[in-house]
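Student: Here it is, the structure in full.
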Amino acid sequence: MATKQITKLFAAMVLAGVASHSFAADTIKIGIAGPKTGPVTQYGDMQFTGAKQAIADINAKGGVDVDGKKLLLEAKEYDDACDPKQAVAVANKIVNDGVKFVVGHLCSSSTQPPSDIYEDEGIIMITPAATAPEITARGYKNIFRTIGLDSAQGPAAGNYIADHVKPKVVAVLHDKQQYGEGIATAVKQTLENKGVKVAVFEGVNAGDKDFAAVIAKLKQANVDFVYYGGYHPELGLILRQAKEKGLNAKFMGPEGVGNDSISQIAQGASEGLLVTLPQAFDQQPENKALVAKFVADKKDPTGPFVFPAYTAVEVIAQGIEQAKSEDTAKVAKAIHDGTFKTPMGDLSFDDKGDLKNFKFVVYEWHFGKPKTEVSPQ
Amino acid sequence: MPDIYHFFQMLVNGLNVGSTYALIAIGYTMVYGIIGMINFAHGEVYMIGSYIAFIAIAGLTMMGLDSVPLLLTGAFIASIVVTSAYGYSIERVAYRPLRGSNRLIPLISAIGMSIFLQNMVLLSQDSKDKSIPNLIPGGFTFGPGGASEVVVSYMQIVVFVVTLLAMLGLTLFISRSRLGRACRACAEDMKMANLLGINTNNVIALTFVIGAALAAVAAVLISVQYGVINPGSGFLVGLKAFTAAVLGGIGSIPGAMLGGLVLGVAEAFGADIFGDQYKDVVAFGLLVLVLLFRPTGILGRPEIEKV
């Protein structure tokens, strides 16, 4: 008896699936792949928020014009948990689902392996968040990004330190991982090219809780400026312990430390922290209407990856319109050649698939108050 | 230049970390001393202790309590009670049914239990870091200031005092009380103790409860001092505490205390001399060195072949 019911139910589900499939035939599927679980879920949320809003906005205007025929966009969400192995499984599922356009992935380490699959299968991928230079350095035709590179962020931070902070004794720390050490090394090189000596260059253990030893060392070296390459959990603890130990230094970090959790962990010690971030597109006057839409949907438009994700969808849609086709080879060419009007400004891509002229801005963090922009315009 | 202030600062920091290692190491060493098994779920027990402390502090603050001693006492009581219950249940569910089987089987059960507990907390509390505000800010400063000063925070003093009291209490309990004597008897010879009318099952359960309670004490101290907890935090701390237990001589309670302190201080000086990135290398390198020359650890007695 029970088996019979289950069979019936299954049959109904299959039918429903077929039905919805036949409806979905004249939409363009956009895969959104990023972490919905795991330690960096909050960054994933930014990406999903931005991309889904863009799809809703484009559909509200009637969809994408493919050579005279209007097609709606359909969002398909995938969770890679920021895990390279799961990201490959997600990529294979995207291939099987017949999705031709992907917004994602988020973490550099879980973006690189899927990008191989997308390139082979002729799927266009635009990452709004992965910043490792390697991802676009392999001559791929279908891989793009709407965010800056680590190799650009390090020099931006280094120049700001040398030109505007002008500290006496500088220390550069990192978490020994691809992202953190890469940026820290770039900052160190930029500083040394500008004649600023780096007194301490050291790695700390990601996941560690006690940084008393390294703080004592900084104190002994009379360090008054610390750059940290890595993520917020470690820097939050370093800030908190540095304040307790009476280390009077200004701290700076990359966008991996730039979120609200850092103030929760560091408490008052996050006051005055400098962070390089992509420009706050939600603060710009021309995006007011769009920000209002996010707020009306009770979504947070302030995260650093919300607008890049929104823009990634826009670029795909405009690329399809300019190519007058859904064929990914033609769309990829259109994206490489064209210019796109987006909330991030008028964008164009270079041969590697990176944005031309992506700018990083320096922000100062405040405890219990919103961040303020400090970089000179 | 390693001046004297810097030296003392390192020593204070090392003893601070070391005392928390010591508290957790006792859980490993007591269980090993009595049933000869490594309880690999002990790190997760510590992690659960820190979540209970977080929930207790958050709950009490929400009820309008803002007196720091009361908050801390509340966190200690809640964490010790609940974590001890976990310790007891883990023994009951994962180890007691397997007692008497091959030695490797409870070990695998322990690893399974550890994965289970970690994921349970991950699913029920989500994976984001939880933060606890610094309840006791500030500290004493010695020395002329600038680079030559020693800062001892009030929280570090609380860690020393609480650890000392807990160790003293445990030592008195083991050496003076009836149950403590039963524990020692079981460690000496389980079968004989059983024949003489000691309920060995209860004694074994008791060691798990004591280990969990001390891990809970360490969890409250570490969580309040560093202010951040997450479901993965049990692994590294558990590994370090296990190292401390082996370093001091596994099975020996004074050994675990000493091992913890030695490991903490070695880490602090190692990080200072070789750089923070080599902290763990120094810690585990020390373990290898000690085991090469004294395979039973610093205070461990050579195993007597039981015939």
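Identifiers in the structure tokens: chain A, B, ... in order shown; residue index from 1 per chain; ligand index from 1 in order shown.
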Taking only C-alpha atoms into account, what are the residues of chain A at most 7 Å from chain B, put as a PyMOL selection string?
Tutor: chain A and resi 38-39+202-205+209+212-214+217+219-220+222+237+244-245+264-265
Student: Determine, counting only C-alpha atoms, which protein, DNA and RNA residues have an atom within 6 Å of an atom of Lys29 of chain A; residues of the same chain fewer than 2 positions away are not included. Present the result as a ChimeraX atom specification.
Tutor: /A:73-74,99
Student: Calculated over only C-alpha atoms, which of the candidates B:Val93, B:Ala58, B:Val281, B:Leu214 has the smallest distance to Ala266 of chain B?
Tutor: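 That would be B:Val281, the residue with the smallest distance to Ala266 of chain B.
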Student: Could you list, as a list in words, every residue within 12 Å of Phe360 of chain A, counting only C-alpha atoms and ignoring same-chain residues fewer than 4 positions away?
Tutor: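 These residues fall inside the cut-off: Ile147, Gly148, Leu149, Asp150, Ser151, Ala152, Gln153, Gly154, Pro155, Ala156, Ala157, Gly158, Asn159, Tyr160, Pro254, Glu255, Val275, Thr276, Leu277, Pro278, Gln279, Ala280, Phe281, Pro304, Glu373, Val374, Ser375, Pro376 and Gln377 of chain A.
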Student: Using Å and a single decimal, report how far atom CA of Asn201 of chain B sits from atom CA of Ala215 of chain B.
Tutor: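 Interatomic distance, atom CA of Ala215 of chain B to atom CA of Asn201 of chain B: 21.3 Å.
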Student: Would you please give, as an MDAnalysis selection string, all residues of segment 3-171 of chain B that DSSP assigns to helix (DSSP H, G or I) based on the backbone?
Tutor: chainID B and resid 4:35 42:62 68:98 104:125 154:171
Student: Smallest atom-to-atom distance to Thr73 of chain B: which of B:Ile198, B:Leu299, B:Leu221, B:Ile157, using only C-alpha atoms?
Tutor: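 Result for the nearest residue to Thr73 of chain B: B:Leu221.
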